[in-house]
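Text of the file protein-v6.pdb, holding PDB, C-alpha atoms:
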ATOM      1  CA  MET A  26      74.615 -20.197  -7.237
ATOM      2  CA  SER A  27      75.809 -16.617  -6.767
ATOM      3  CA  HIS A  28      75.385 -13.974  -9.442
ATOM      4  CA  SER A  29      79.183 -13.633  -9.792
ATOM      5  CA  THR A  30      79.670 -17.344 -10.424
ATOM      6  CA  GLN A  31      77.000 -17.265 -13.122
ATOM      7  CA  LEU A  32      79.060 -14.639 -14.957
ATOM      8  CA  LEU A  33      82.010 -17.005 -15.337
ATOM      9  CA  PRO A  34      82.363 -19.216 -18.389
ATOM     10  CA  ARG A  35      81.309 -22.780 -17.467
ATOM     11  CA  GLU A  36      84.852 -24.194 -17.704
ATOM     12  CA  PHE A  37      86.085 -21.664 -15.132
ATOM     13  CA  SER A  38      83.173 -21.964 -12.732
ATOM     14  CA  THR A  39      84.194 -25.579 -12.076
ATOM     15  CA  ARG A  40      87.815 -24.634 -11.312
ATOM     16  CA  ALA A  41      88.851 -24.418  -7.696
ATOM     17  CA  THR A  42      90.182 -20.872  -8.010
ATOM     18  CA  VAL A  43      90.401 -18.095 -10.569
ATOM     19  CA  ARG A  44      93.541 -16.131  -9.703
ATOM     20  CA  VAL A  45      93.826 -12.586 -11.041
ATOM     21  CA  LEU A  46      97.042 -10.592 -10.717
ATOM     22  CA  ILE A  47      96.735  -6.800 -10.775
ATOM     23  CA  VAL A  48      99.959  -4.848 -11.336
ATOM     24  CA  ASP A  49     100.030  -1.113 -10.633
ATOM     25  CA  ASP A  50     102.431   1.253  -8.872
ATOM     26  CA  GLU A  51      99.580   3.195  -7.214
ATOM     27  CA  PRO A  52      98.408   1.658  -3.905
ATOM     28  CA  HIS A  53      94.861   3.064  -4.228
ATOM     29  CA  VAL A  54      94.453   1.487  -7.689
ATOM     30  CA  LEU A  55      95.584  -1.861  -6.266
ATOM     31  CA  ALA A  56      93.146  -1.514  -3.351
ATOM     32  CA  VAL A  57      90.177  -0.639  -5.583
ATOM     33  CA  GLY A  58      91.112  -3.302  -8.131
ATOM     34  CA  LYS A  59      91.436  -5.935  -5.419
ATOM     35  CA  ALA A  60      88.047  -5.002  -3.922
ATOM     36  CA  VAL A  61      86.326  -5.068  -7.313
ATOM     37  CA  LEU A  62      87.899  -8.392  -8.328
ATOM     38  CA  GLU A  63      87.045  -9.986  -4.998
ATOM     39  CA  ALA A  64      83.441  -8.807  -5.446
ATOM     40  CA  HIS A  65      83.485 -11.024  -8.566
ATOM     41  CA  CYS A  66      84.742 -13.916  -6.390
ATOM     42  CA  PHE A  67      88.230 -13.933  -7.924
ATOM     43  CA  GLU A  68      91.286 -14.618  -5.788
ATOM     44  CA  THR A  69      93.299 -11.444  -6.242
ATOM     45  CA  LEU A  70      97.053 -10.986  -6.105
ATOM     46  CA  ALA A  71      98.651  -7.534  -6.201
ATOM     47  CA  ALA A  72     102.064  -6.360  -7.360
ATOM     48  CA  ARG A  73     103.509  -2.838  -7.308
ATOM     49  CA  SER A  74     106.169  -3.506  -9.977
ATOM     50  CA  GLY A  75     106.897  -5.664 -12.980
ATOM     51  CA  GLU A  76     109.582  -7.528 -11.074
ATOM     52  CA  GLU A  77     107.153  -8.360  -8.283
ATOM     53  CA  ALA A  78     104.551  -9.489 -10.851
ATOM     54  CA  LEU A  79     107.048 -11.810 -12.525
ATOM     55  CA  ALA A  80     107.976 -13.332  -9.162
ATOM     56  CA  ILE A  81     104.280 -13.969  -8.396
ATOM     57  CA  VAL A  82     103.692 -15.631 -11.776
ATOM     58  CA  ARG A  83     106.802 -17.818 -11.392
ATOM     59  CA  ARG A  84     105.825 -18.819  -7.853
ATOM     60  CA  GLY A  85     102.322 -19.717  -9.060
ATOM     61  CA  ILE A  86     103.749 -21.986 -11.753
ATOM     62  CA  GLU A  87     106.104 -23.668  -9.268
ATOM     63  CA  ASP A  88     103.308 -24.165  -6.717
ATOM     64  CA  GLY A  89     100.797 -25.451  -9.269
ATOM     65  CA  GLN A  90      98.585 -22.408  -8.691
ATOM     66  CA  ARG A  91      98.958 -20.503 -11.946
ATOM     67  CA  VAL A  92      97.708 -16.973 -12.382
ATOM     68  CA  THR A  93      94.580 -17.102 -14.570
ATOM     69  CA  VAL A  94      94.664 -13.488 -15.840
ATOM     70  CA  ALA A  95      96.996 -10.525 -15.297
ATOM     71  CA  ILE A  96      95.973  -6.854 -15.413
ATOM     72  CA  LEU A  97      99.002  -4.713 -16.136
ATOM     73  CA  ASP A  98      99.401  -0.937 -15.830
ATOM     74  CA  LEU A  99     101.360   0.372 -18.815
ATOM     75  CA  THR A 100     103.006   3.297 -17.032
ATOM     76  CA  MET A 101     104.879   2.590 -13.820
ATOM     77  CA  PRO A 102     107.433   5.386 -13.251
ATOM     78  CA  GLY A 103     110.831   4.282 -12.028
ATOM     79  CA  GLY A 104     110.473   0.700 -13.234
ATOM     80  CA  ALA A 105     109.893  -1.395 -16.295
ATOM     81  CA  SER A 106     107.080  -0.318 -18.621
ATOM     82  CA  GLY A 107     103.996  -2.443 -19.077
ATOM     83  CA  PHE A 108     105.290  -3.386 -22.519
ATOM     84  CA  GLU A 109     108.522  -4.745 -21.022
ATOM     85  CA  VAL A 110     106.644  -6.578 -18.291
ATOM     86  CA  LEU A 111     104.365  -8.149 -20.924
ATOM     87  CA  GLU A 112     107.470  -9.625 -22.589
ATOM     88  CA  TRP A 113     108.709 -11.009 -19.248
ATOM     89  CA  LEU A 114     105.337 -12.548 -18.443
ATOM     90  CA  ARG A 115     105.042 -14.078 -21.933
ATOM     91  CA  ALA A 116     108.507 -15.617 -21.562
ATOM     92  CA  CYS A 117     107.511 -17.091 -18.188
ATOM     93  CA  ASP A 118     103.950 -18.189 -19.075
ATOM     94  CA  PRO A 119     103.098 -17.856 -22.790
ATOM     95  CA  GLU A 120      99.448 -18.816 -22.191
ATOM     96  CA  LEU A 121      98.756 -16.157 -19.545
ATOM     97  CA  PRO A 122      96.123 -13.676 -20.795
ATOM     98  CA  VAL A 123      97.284 -10.134 -20.001
ATOM     99  CA  ILE A 124      95.042  -7.050 -19.970
ATOM    100  CA  ALA A 125      96.601  -3.611 -20.520
ATOM    101  CA  CYS A 126      95.384  -0.939 -18.117
ATOM    102  CA  SER A 127      96.026   2.809 -18.197
ATOM    103  CA  GLY A 128      94.396   6.175 -17.760
ATOM    104  CA  TYR A 129      96.156   7.594 -20.814
ATOM    105  CA  PHE A 130      94.725   5.663 -23.773
ATOM    106  CA  GLN A 131      94.088   6.907 -27.254
ATOM    107  CA  GLU A 132      92.477   4.681 -29.883
ATOM    108  CA  ASP A 133      95.768   3.992 -31.718
ATOM    109  CA  VAL A 134      97.323   2.792 -28.434
ATOM    110  CA  ARG A 135      94.450   0.307 -28.049
ATOM    111  CA  GLU A 136      95.250  -1.178 -31.457
ATOM    112  CA  LEU A 137      98.986  -1.283 -30.676
ATOM    113  CA  CYS A 138      98.365  -3.050 -27.350
ATOM    114  CA  GLN A 139      96.241  -5.718 -28.982
ATOM    115  CA  ALA A 140      98.732  -6.124 -31.836
ATOM    116  CA  ILE A 141     101.621  -6.831 -29.442
ATOM    117  CA  GLY A 142      99.753  -9.383 -27.399
ATOM    118  CA  PHE A 143      97.538  -7.790 -24.783
ATOM    119  CA  ILE A 144      94.245  -9.669 -24.809
ATOM    120  CA  ASP A 145      92.186  -6.616 -23.852
ATOM    121  CA  VAL A 146      92.561  -2.946 -22.966
ATOM    122  CA  LEU A 147      91.036  -1.444 -19.831
ATOM    123  CA  HIS A 148      90.701   2.280 -19.145
ATOM    124  CA  LYS A 149      91.181   3.748 -15.670
ATOM    125  CA  PRO A 150      89.204   4.534 -13.684
ATOM    126  CA  PHE A 151      87.460   1.179 -13.987
ATOM    127  CA  ASN A 152      84.321   0.064 -12.210
ATOM    128  CA  LEU A 153      82.830  -3.211 -11.032
ATOM    129  CA  GLU A 154      81.230  -4.048 -14.361
ATOM    130  CA  THR A 155      84.025  -3.078 -16.779
ATOM    131  CA  LEU A 156      86.729  -4.838 -14.774
ATOM    132  CA  GLY A 157      84.669  -8.013 -14.374
ATOM    133  CA  VAL A 158      83.730  -8.107 -18.060
ATOM    134  CA  SER A 159      87.345  -7.557 -19.121
ATOM    135  CA  VAL A 160      88.637 -10.385 -16.891
ATOM    136  CA  ARG A 161      85.928 -12.812 -18.064
ATOM    137  CA  ARG A 162      86.631 -11.904 -21.707
ATOM    138  CA  ALA A 163      90.366 -12.485 -21.183
ATOM    139  CA  MET A 164      89.685 -15.856 -19.534
ATOM    140  CA  ALA A 165      87.485 -16.936 -22.440
ATOM    141  CA  GLN A 166      89.952 -15.749 -25.094
ATOM    142  CA  GLY A 167      92.869 -17.311 -23.238
ATOM    143  CA  ASN A 168      90.983 -20.606 -23.044
ATOM    144  CA  GLU A 169      90.213 -20.483 -26.790
ATOM    145  CA  ALA A 170      93.880 -19.774 -27.608
ATOM    146  CA  ALA A 171      95.059 -22.660 -25.409
ATOM    147  CA  ALA A 172      92.583 -25.032 -27.077
ATOM    148  CA  LEU A 173      93.752 -23.931 -30.536
ATOM    149  CA  GLU A 174      97.425 -24.403 -29.602
ATOM    150  CA  THR A 175      96.684 -27.890 -28.248
ATOM    151  CA  THR A 176      94.932 -28.777 -31.506
ATOM    152  CA  LEU A 177      97.791 -27.405 -33.613
ATOM    153  CA  ASN A 178     100.395 -29.256 -31.543
ATOM    154  CA  HIS A 179      98.389 -32.484 -31.834
ATOM    155  CA  ASP A 180      98.045 -32.059 -35.625
ATOM    156  CA  ALA A 181     101.782 -31.343 -35.984
ATOM    157  CA  ALA A 182     102.642 -34.487 -34.007
ATOM    158  CA  SER A 183     100.398 -36.652 -36.227
TER
END
Would you write out, as structure tokens, the structure that this file holds?
Amino acid sequence: MSHSTQLLPREFSTRATVRVLIVDDEPHVLAVGKAVLEAHCFETLAARSGEEALAIVRRGIEDGQRVTVAILDLTMPGGASGFEVLEWLRACDPELPVIACSGYFQEDVRELCQAIGFIDVLHKPFNLETLGVSVRRAMAQGNEAAALETTLNHDAAS
């Protein structure tokens, strides 16, 4: 078993594919992010805009190949903000864990991001370890939230 697979929570290591979507308007950030995520054995999808990200998430749902985690830049000049894109993604796939990513964070922004629904906050520039840890944490938290919602829905139906 590879070192990267051992880092995945057990329920994800048995899945066929972990699909991570990285959304950023800067091509070099997408290239580095893709390389780092692939080093963790994640299938990586890249989008340069919120609209492109939404199309990828929708296509994944239609094809039965859902995105597992999305990493979303908060500042993409000339397009929708990361906050707007978060709303679009939540409307399309409410269970999708989304990580906020930016080079311009202050501590109060971190708290705001988590309060509005980002599962984690990642500072640029990121490295192999921080990106991998953030994605694994988002997968675990997303899995816990899905399990809780299933339990609540079951209890409400009873």
Pull out every residue that the PyMOL selection byres ((chain A and resi 79-86) around 9) matches in the shown coordinates and put them as number ranges by chain.
A: 46, 70-72, 74-78, 87-92, 110, 113-114, 117-118
Using only C-alpha atoms, which residues sit within 6 Å of Thr93 of chain A once same-chain residues fewer than 2 positions away are excluded, as a list in words?
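Near neighbours after the sequence-gap exclusion: Val43, Arg44 and Val45 of chain A.
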List as a list in words the protein and nucleic acid residues near Asp98 of chain A, meaning an atom at most 8 Å away when all atoms listed in the file are counted, but skip any in the same chain fewer than 2 places from it.
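Everything that qualifies: Val48, Asp49, Asp50, Ile96, Thr100, Met101, Gly107, Ala125, Cys126 and Ser127 of chain A.
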Can you write just those residues out, C-alpha atoms, as a CSV table (one decimal), in the coordinates of the input?
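Written file, selection.csv:
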chain,number,residue,atom,x,y,z
A,48,VAL,CA,100.0,-4.8,-11.3
A,49,ASP,CA,100.0,-1.1,-10.6
A,50,ASP,CA,102.4,1.3,-8.9
A,96,ILE,CA,96.0,-6.9,-15.4
A,100,THR,CA,103.0,3.3,-17.0
A,101,MET,CA,104.9,2.6,-13.8
A,107,GLY,CA,104.0,-2.4,-19.1
A,125,ALA,CA,96.6,-3.6,-20.5
A,126,CYS,CA,95.4,-0.9,-18.1
A,127,SER,CA,96.0,2.8,-18.2
So how many Å separate atom CA of Arg161 of chain A and atom CA of Pro122 of chain A, to one decimal?
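Interatomic distance here is 10.6 Å.
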Report the distance between atom CA of Val146 of chain A and atom CA of Ser159 of chain A in Å, rounded to one decimal place.
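Taking atom CA of Val146 of chain A and atom CA of Ser159 of chain A, their separation equals 8.0 Å.
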For the file shown, what are the residues hit by the PyMOL selection byres ((chain A and resi 134) around 12), laid out as an NGL selection string?
:A and (99 or 108 or 125-133 or 135-141 or 143 or 145-148)
Mind working out the centre and edge lengths of an axis-aligned box for segment 118-122 of chain A, all listed atoms inside, 5 Å added to each side, rounded to one decimal in Å and written as lines of an AutoDock Vina configuration file?
center_x = 100.0
center_y = -16.2
center_z = -20.9
size_x = 17.8
size_y = 15.1
size_z = 13.7
Using all atoms listed in the file, which residue out of A:Phe67, A:Gly104, A:Pro52, A:Ile47 lies closest to Ile124 of chain A?
A:Ile47
In Å and to one decimal, atom CA of Glu112 of chain A is distant from atom CA of Glu154 of chain A by 28.1 Å
